[in-house]
Amino acid sequence: MSAFSAVRIPFPAVVAARSAGEKPSSPFLCSPAAAPSIHSSPLRPPRLGRPPLAVSSDVLSSQKPLGSNSSPSYQAVISRDEALELYEDMVLGRVFEDMCAQMYYRGKMFGFVHLYNGQEAVSTGFIKLLETRDSAVSTYRDHVHALSKGVPARAVMAELFGKATGCCRGQGGSMHMFSEPHNLLGGFAFIGEGIPVATGAAFSSKYRYEVLKESKPDGLDVTVAFFGDGTCNNGQFFECLNMAQLWKLPIVFVVENNLWAIGMSHLRATSDPEIWKKGPAFGMPGVHVDGMDVLKVREVAMEAIARARNGEGPTLVECETYRFRGHSLADPDELRKADEKSHYAARDPLVGLKKYILEKNLASESELKAIEKKIDDIIEEAVEFADSSPLPPRSQLLENVFADPKGFGIGPDGKYRCEDPKFTEGTAQV
């Protein structure tokens, strides 16, 4: 019996609820290729009177959030290699972010730096199921999404240091990670910005397949859009859900609901805190999953990605998760209550996965320590690489700003056009 407890909402939309101890009626336990459609699930009658899934201790102090501290017994549904891949990716994200904090306070990074500690199960659970051809779109909290998508740690660290060897040549910084070879379509500093970009990428995938007749024997290229609970009150979110469902685009909308939009509690900011219900409102499946458990996230991600790849359209997935640090490294994190933070700290996704691996005899303690040592070495090398890398040249400043491939601000001779008196007079030929 699986302990995975994702809620699946079939179409037509029925607001189905479940009690705290109810088992899922049809758990996702199949491979992506054989995943059944969420639409095929039998409709379940709605049950009323259930408190919100996403709760914060300052609002519902007596209600335990979705995932409990208990360790339910269930059969292993991943192989040894899969388990170790997940563990290594999550350790990479955690150690990388911890090192970012050290480097930030040492003055190696500038501006705002938003860390991902505590939310690793979401990035790993989704992105490690993607292929290189698939796209991921992130937010300002994008370092770990880049790492999960395969961008080398040294390239991400160098970008954070503002160096020319960074994945954006030092021009993107913490909030704008981008890598064309890895189909990481960017981090976006303003909330909601990335959702239209992700929807456009999904449209491009379907257009190439249906209109240009490009052969895709393994199905459509899939786009996964990551964003937070605060974004779900913005217009781009609703517009793109409508467009994605209207055209059955191959996209998965992933809400990383860490319960706080900077210093605003999720429950104080929205009329209905159950974000997953906004999916069925547009005709697409809505799913709520425990975002502190990578196996539960991965299970939901399998079916959502399979649906998108098979041309069945989008899915909205709400992952209830929690960040272990303040909104950014400039945030003293004084607004969240201690009992809320301690509750989620006790449900650390890394600790949970490690316990699962050891209990299921998928690996030994020494093997996991070897992975941790490997990651420590990778991060140390990344810092040394970033620190010793050169700063971007001044000539790079206006590149990639204008549509002119040579850079509108730089003349054919390689000099800045703004330094030409004729340019400022409006008489220069451009």
# chains A, B, ... in the order shown; residues from 1 in each chain; ligands from 1
$ closest_atom_pairs --of "segment 105-141 of chain A" --to "segment 339-363 of chain A" --cutoff "10 Å" --atoms "only C-alpha atoms" --output "tab-separated table"
residue	atom	partner	partner_atom	distance
A:Asn117	CA	A:Asp348	CA	9.4
A:Gly118	CA	A:Asp348	CA	6.4
A:Gln119	CA	A:Pro349	CA	7.7
A:Glu120	CA	A:Pro349	CA	7.1
A:Ala121	CA	A:Pro349	CA	6.1
A:Val122	CA	A:Pro349	CA	9.5
$ residues_around --residues "segment 250-256 of chain A" --least-positions-apart "3" --cutoff "9 Å" --atoms "only C-alpha atoms" --output "compact mmCIF listing (two decimals) with N, CA and C atoms, in the first residue's frame"
# COMPACT_ATOMS: atom_id res chain seq x y z
N GLN A 119 12.89 23.60 0.57
CA GLN A 119 11.98 23.35 -0.55
C GLN A 119 12.58 22.40 -1.60
N VAL A 122 10.67 19.80 -3.93
CA VAL A 122 9.86 20.23 -5.07
C VAL A 122 10.71 20.27 -6.33
N PHE A 126 10.34 17.24 -9.34
CA PHE A 126 9.87 17.53 -10.70
C PHE A 126 10.99 17.48 -11.73
N ILE A 195 5.51 33.02 -15.65
CA ILE A 195 4.38 32.17 -16.07
C ILE A 195 4.04 32.39 -17.55
N ALA A 198 6.74 30.67 -19.61
CA ALA A 198 6.57 29.22 -19.61
C ALA A 198 5.41 28.81 -20.51
N THR A 199 4.33 29.57 -20.48
CA THR A 199 3.17 29.26 -21.33
C THR A 199 3.55 29.42 -22.79
N ALA A 201 6.56 28.97 -24.03
CA ALA A 201 7.42 27.83 -24.38
C ALA A 201 6.58 26.60 -24.65
N ALA A 202 5.53 26.39 -23.85
CA ALA A 202 4.65 25.25 -24.07
C ALA A 202 3.88 25.40 -25.38
N PHE A 203 3.48 26.62 -25.69
CA PHE A 203 2.80 26.87 -26.97
C PHE A 203 3.73 26.56 -28.13
N SER A 205 6.14 24.43 -28.19
CA SER A 205 6.26 22.98 -28.30
C SER A 205 5.10 22.39 -29.10
N LYS A 206 3.89 22.81 -28.77
CA LYS A 206 2.72 22.27 -29.45
C LYS A 206 2.65 22.77 -30.89
N LEU A 220 5.44 15.32 -26.70
CA LEU A 220 5.74 16.74 -26.71
C LEU A 220 6.84 17.12 -25.71
N ASP A 221 7.54 18.20 -26.03
CA ASP A 221 8.44 18.79 -25.04
C ASP A 221 7.59 19.42 -23.95
N VAL A 222 7.97 19.23 -22.71
CA VAL A 222 7.17 19.69 -21.58
C VAL A 222 7.84 20.89 -20.91
N THR A 223 7.03 21.81 -20.46
CA THR A 223 7.52 22.95 -19.69
C THR A 223 6.96 22.88 -18.27
N VAL A 224 7.83 23.11 -17.28
CA VAL A 224 7.39 23.18 -15.89
C VAL A 224 7.64 24.60 -15.39
N ALA A 225 6.58 25.24 -14.92
CA ALA A 225 6.67 26.61 -14.41
C ALA A 225 6.59 26.58 -12.89
N PHE A 226 7.61 27.09 -12.23
CA PHE A 226 7.62 27.17 -10.77
C PHE A 226 7.28 28.59 -10.33
N PHE A 227 6.46 28.72 -9.31
CA PHE A 227 6.16 30.03 -8.74
C PHE A 227 5.58 29.82 -7.34
N GLY A 228 5.43 30.91 -6.60
CA GLY A 228 5.01 30.81 -5.22
C GLY A 228 3.55 31.13 -4.99
N ASP A 229 3.13 30.96 -3.74
CA ASP A 229 1.72 31.20 -3.41
C ASP A 229 1.33 32.66 -3.62
N THR A 231 2.19 34.61 -5.94
CA THR A 231 1.96 34.86 -7.36
C THR A 231 0.54 34.51 -7.78
N CYS A 232 -0.10 33.62 -7.05
CA CYS A 232 -1.39 33.08 -7.46
C CYS A 232 -2.54 34.07 -7.31
N LEU A 241 -3.39 30.14 -17.05
CA LEU A 241 -4.15 28.90 -16.82
C LEU A 241 -5.23 28.76 -17.87
N ALA A 244 -3.56 28.00 -21.32
CA ALA A 244 -2.97 26.66 -21.36
C ALA A 244 -4.04 25.59 -21.51
N LEU A 259 3.74 29.14 2.28
CA LEU A 259 2.81 29.76 3.23
C LEU A 259 3.05 31.24 3.48
N ILE A 275 -5.06 26.57 -3.28
CA ILE A 275 -4.70 27.02 -4.62
C ILE A 275 -5.03 25.98 -5.67
N TRP A 276 -4.90 24.71 -5.33
CA TRP A 276 -5.14 23.65 -6.31
C TRP A 276 -6.54 23.70 -6.89
N GLY A 291 4.70 18.89 -0.12
CA GLY A 291 5.93 19.32 -0.75
C GLY A 291 7.17 19.12 0.09
N ALA A 301 4.37 14.37 -9.93
CA ALA A 301 5.06 14.91 -11.10
C ALA A 301 5.05 13.92 -12.26
N ALA A 304 1.64 14.21 -13.98
CA ALA A 304 1.43 15.52 -14.59
C ALA A 304 2.30 15.69 -15.83
N ILE A 305 3.56 15.27 -15.75
CA ILE A 305 4.46 15.38 -16.89
C ILE A 305 4.02 14.44 -18.01
N ARG A 307 0.96 13.45 -18.65
CA ARG A 307 -0.23 14.03 -19.27
C ARG A 307 0.18 15.10 -20.29
N ALA A 308 1.10 15.97 -19.88
CA ALA A 308 1.55 17.04 -20.77
C ALA A 308 2.24 16.47 -22.01
N ARG A 309 3.11 15.49 -21.81
CA ARG A 309 3.85 14.92 -22.94
C ARG A 309 2.93 14.19 -23.92
N ASN A 310 1.87 13.60 -23.40
CA ASN A 310 0.94 12.86 -24.24
C ASN A 310 -0.12 13.74 -24.89
N GLY A 311 -0.04 15.06 -24.68
CA GLY A 311 -0.98 15.97 -25.31
C GLY A 311 -2.30 16.11 -24.58
N GLU A 312 -2.34 15.72 -23.31
CA GLU A 312 -3.59 15.80 -22.54
C GLU A 312 -3.77 17.13 -21.83
N GLY A 313 -2.80 18.03 -21.95
CA GLY A 313 -2.97 19.36 -21.42
C GLY A 313 -2.27 19.61 -20.10
N PRO A 314 -2.56 20.77 -19.51
CA PRO A 314 -1.84 21.22 -18.31
C PRO A 314 -2.39 20.64 -17.02
N THR A 315 -1.60 20.77 -15.97
CA THR A 315 -1.98 20.39 -14.61
C THR A 315 -1.49 21.46 -13.66
N LEU A 316 -2.29 21.77 -12.66
CA LEU A 316 -1.88 22.69 -11.60
C LEU A 316 -1.57 21.87 -10.36
N VAL A 317 -0.35 21.99 -9.86
CA VAL A 317 0.09 21.24 -8.68
C VAL A 317 0.48 22.22 -7.58
N GLU A 318 -0.16 22.10 -6.45
CA GLU A 318 0.19 22.91 -5.28
C GLU A 318 1.02 22.05 -4.33
N CYS A 319 2.26 22.44 -4.13
CA CYS A 319 3.16 21.74 -3.22
C CYS A 319 3.25 22.54 -1.92
N GLU A 320 2.72 21.98 -0.84
CA GLU A 320 2.83 22.66 0.45
C GLU A 320 4.22 22.41 1.01
N THR A 321 5.00 23.48 1.08
CA THR A 321 6.39 23.36 1.49
C THR A 321 6.72 24.46 2.48
N TYR A 322 8.00 24.66 2.75
CA TYR A 322 8.37 25.67 3.73
C TYR A 322 9.83 26.05 3.53
$ select_by_dssp --residues "segment 291-340 of chain A" --states "alpha helix (DSSP H)" --output "PyMOL selection string"
chain A and resi 294-309+338-340
$ residues_around --residues "Tyr140 of chain A" --least-positions-apart "5" --cutoff "7 Å" --atoms "only C-alpha atoms" --output "list in words"
His114, Met175, His176, Gly187, Phe188 and Ala189 of chain A
$ residues_around --residues "Pro390 of chain A" --least-positions-apart "6" --cutoff "9 Å" --atoms "only C-alpha atoms" --output "ChimeraX atom specification"
/A:163-165
$ write_last_selection --atoms "C-alpha atoms" --output "PDB file, in the first residue's frame"
ATOM      1  CA  LYS A 163      31.835  36.809 -12.924  1.00  0.00           C
ATOM      2  CA  ALA A 164      32.234  36.385 -16.681  1.00  0.00           C
ATOM      3  CA  THR A 165      32.287  32.590 -16.307  1.00  0.00           C
TER       4      THR A 165
END
$ closest_residue --among "A:Glu159, A:Asp142, A:Glu399, A:Glu365" --to "Ala382 of chain A" --atoms "only C-alpha atoms"
A:Glu159
$ select_by_dssp --residues "segment 168-249 of chain A" --states "strand (DSSP E)" --output "list of chain:residue names"
A:Thr223, A:Val224, A:Ala225, A:Phe226, A:Phe227, A:Gly228
$ write_last_selection --atoms "N, CA and C atoms" --output "mmCIF file, in the first residue's frame"
data_model
loop_
_atom_site.group_PDB
_atom_site.id
_atom_site.type_symbol
_atom_site.label_atom_id
_atom_site.label_comp_id
_atom_site.auth_asym_id
_atom_site.auth_seq_id
_atom_site.Cartn_x
_atom_site.Cartn_y
_atom_site.Cartn_z
ATOM 1 N N THR A 223 7.032 21.808 -20.456
ATOM 2 C CA THR A 223 7.524 22.954 -19.686
ATOM 3 C C THR A 223 6.965 22.876 -18.273
ATOM 4 N N VAL A 224 7.827 23.110 -17.285
ATOM 5 C CA VAL A 224 7.391 23.182 -15.886
ATOM 6 C C VAL A 224 7.639 24.599 -15.392
ATOM 7 N N ALA A 225 6.584 25.239 -14.923
ATOM 8 C CA ALA A 225 6.672 26.607 -14.408
ATOM 9 C C ALA A 225 6.586 26.576 -12.889
ATOM 10 N N PHE A 226 7.606 27.093 -12.228
ATOM 11 C CA PHE A 226 7.622 27.169 -10.768
ATOM 12 C C PHE A 226 7.284 28.591 -10.330
ATOM 13 N N PHE A 227 6.465 28.721 -9.306
ATOM 14 C CA PHE A 227 6.157 30.026 -8.737
ATOM 15 C C PHE A 227 5.580 29.822 -7.343
ATOM 16 N N GLY A 228 5.433 30.914 -6.597
ATOM 17 C CA GLY A 228 5.008 30.807 -5.216
ATOM 18 C C GLY A 228 3.552 31.127 -4.994
#
$ closest_residue --among "A:Arg208, A:Glu274, A:Thr132, A:Lys374" --to "Glu88 of chain A" --atoms "only C-alpha atoms"
A:Lys374
$ residues_around --residues "Gln102 of chain A" --least-positions-apart "4" --cutoff "12 Å" --atoms "only C-alpha atoms" --output "ChimeraX atom specification"
/A:95-98,106-109,113,115,329,380,383
$ residues_around --residues "Ile375 of chain A" --least-positions-apart "6" --cutoff "10 Å" --atoms "only C-alpha atoms" --output "list in words"
Glu88, Asp89, Val91, Leu92, Gly93, Arg94, Val95, Phe96, Ala153, Lys369 and Glu381 of chain A
$ decode --residues "segment 178-201 of chain A" --atoms "N, CA, C and O atoms" --output "short mmCIF file (atom, residue, chain, number, x, y, z; two decimals), in the first residue's frame"
data_model
loop_
_atom_site.label_atom_id
_atom_site.label_comp_id
_atom_site.auth_asym_id
_atom_site.auth_seq_id
_atom_site.Cartn_x
_atom_site.Cartn_y
_atom_site.Cartn_z
N PHE A 178 19.91 31.63 -16.18
CA PHE A 178 19.44 31.22 -17.51
C PHE A 178 20.50 30.34 -18.14
O PHE A 178 21.69 30.59 -17.98
N SER A 179 20.06 29.30 -18.83
CA SER A 179 21.01 28.45 -19.55
C SER A 179 20.31 27.83 -20.75
O SER A 179 19.46 26.94 -20.60
N GLU A 180 20.65 28.30 -21.91
CA GLU A 180 20.04 27.77 -23.14
C GLU A 180 20.33 26.28 -23.34
O GLU A 180 19.41 25.52 -23.67
N PRO A 181 21.57 25.82 -23.12
CA PRO A 181 21.83 24.38 -23.34
C PRO A 181 20.99 23.47 -22.44
O PRO A 181 20.71 22.33 -22.80
N HIS A 182 20.61 23.97 -21.27
CA HIS A 182 19.86 23.15 -20.33
C HIS A 182 18.36 23.45 -20.36
O HIS A 182 17.59 22.90 -19.57
N ASN A 183 17.96 24.34 -21.27
CA ASN A 183 16.55 24.76 -21.36
C ASN A 183 16.02 25.28 -20.02
O ASN A 183 14.88 25.03 -19.65
N LEU A 184 16.88 25.97 -19.32
CA LEU A 184 16.44 26.74 -18.15
C LEU A 184 16.14 28.14 -18.67
O LEU A 184 17.06 28.89 -19.05
N LEU A 185 14.86 28.48 -18.72
CA LEU A 185 14.45 29.70 -19.40
C LEU A 185 14.43 30.93 -18.49
O LEU A 185 13.82 31.94 -18.83
N GLY A 186 15.08 30.83 -17.37
CA GLY A 186 15.28 32.01 -16.57
C GLY A 186 14.65 31.98 -15.20
O GLY A 186 13.63 31.36 -14.97
N GLY A 187 15.31 32.71 -14.32
CA GLY A 187 14.68 33.13 -13.09
C GLY A 187 14.12 34.52 -13.35
O GLY A 187 14.65 35.26 -14.19
N PHE A 188 13.06 34.90 -12.66
CA PHE A 188 12.42 36.19 -12.90
C PHE A 188 12.21 36.90 -11.57
O PHE A 188 11.63 36.35 -10.64
N ALA A 189 12.69 38.14 -11.50
CA ALA A 189 12.69 38.86 -10.24
C ALA A 189 11.30 39.28 -9.80
O ALA A 189 10.99 39.27 -8.62
N PHE A 190 10.46 39.66 -10.75
CA PHE A 190 9.09 40.07 -10.41
C PHE A 190 8.17 38.86 -10.44
O PHE A 190 8.21 38.06 -11.38
N ILE A 191 7.34 38.74 -9.42
CA ILE A 191 6.48 37.56 -9.35
C ILE A 191 5.49 37.55 -10.51
O ILE A 191 4.95 38.59 -10.90
N GLY A 192 5.27 36.37 -11.06
CA GLY A 192 4.34 36.21 -12.16
C GLY A 192 4.95 36.38 -13.52
O GLY A 192 4.37 35.98 -14.53
N GLU A 193 6.15 36.97 -13.60
CA GLU A 193 6.78 37.21 -14.91
C GLU A 193 7.05 35.91 -15.67
O GLU A 193 6.91 35.85 -16.89
N GLY A 194 7.46 34.89 -14.96
CA GLY A 194 7.87 33.66 -15.62
C GLY A 194 6.72 32.83 -16.17
O GLY A 194 6.93 32.01 -17.07
N ILE A 195 5.51 33.02 -15.65
CA ILE A 195 4.38 32.17 -16.07
C ILE A 195 4.04 32.39 -17.55
O ILE A 195 3.86 31.41 -18.29
N PRO A 196 3.94 33.63 -18.04
CA PRO A 196 3.70 33.80 -19.48
C PRO A 196 4.84 33.26 -20.34
O PRO A 196 4.60 32.73 -21.44
N VAL A 197 6.08 33.38 -19.86
CA VAL A 197 7.21 32.83 -20.60
C VAL A 197 7.08 31.31 -20.72
O VAL A 197 7.28 30.73 -21.79
N ALA A 198 6.74 30.67 -19.61
CA ALA A 198 6.57 29.22 -19.61
C ALA A 198 5.41 28.81 -20.51
O ALA A 198 5.50 27.81 -21.25
N THR A 199 4.33 29.57 -20.48
CA THR A 199 3.17 29.26 -21.33
C THR A 199 3.55 29.42 -22.79
O THR A 199 3.15 28.62 -23.64
N GLY A 200 4.35 30.43 -23.10
CA GLY A 200 4.82 30.60 -24.47
C GLY A 200 5.71 29.46 -24.93
O GLY A 200 5.63 29.02 -26.08
N ALA A 201 6.56 28.97 -24.03
CA ALA A 201 7.42 27.83 -24.38
C ALA A 201 6.58 26.60 -24.65
O ALA A 201 6.85 25.82 -25.59
#
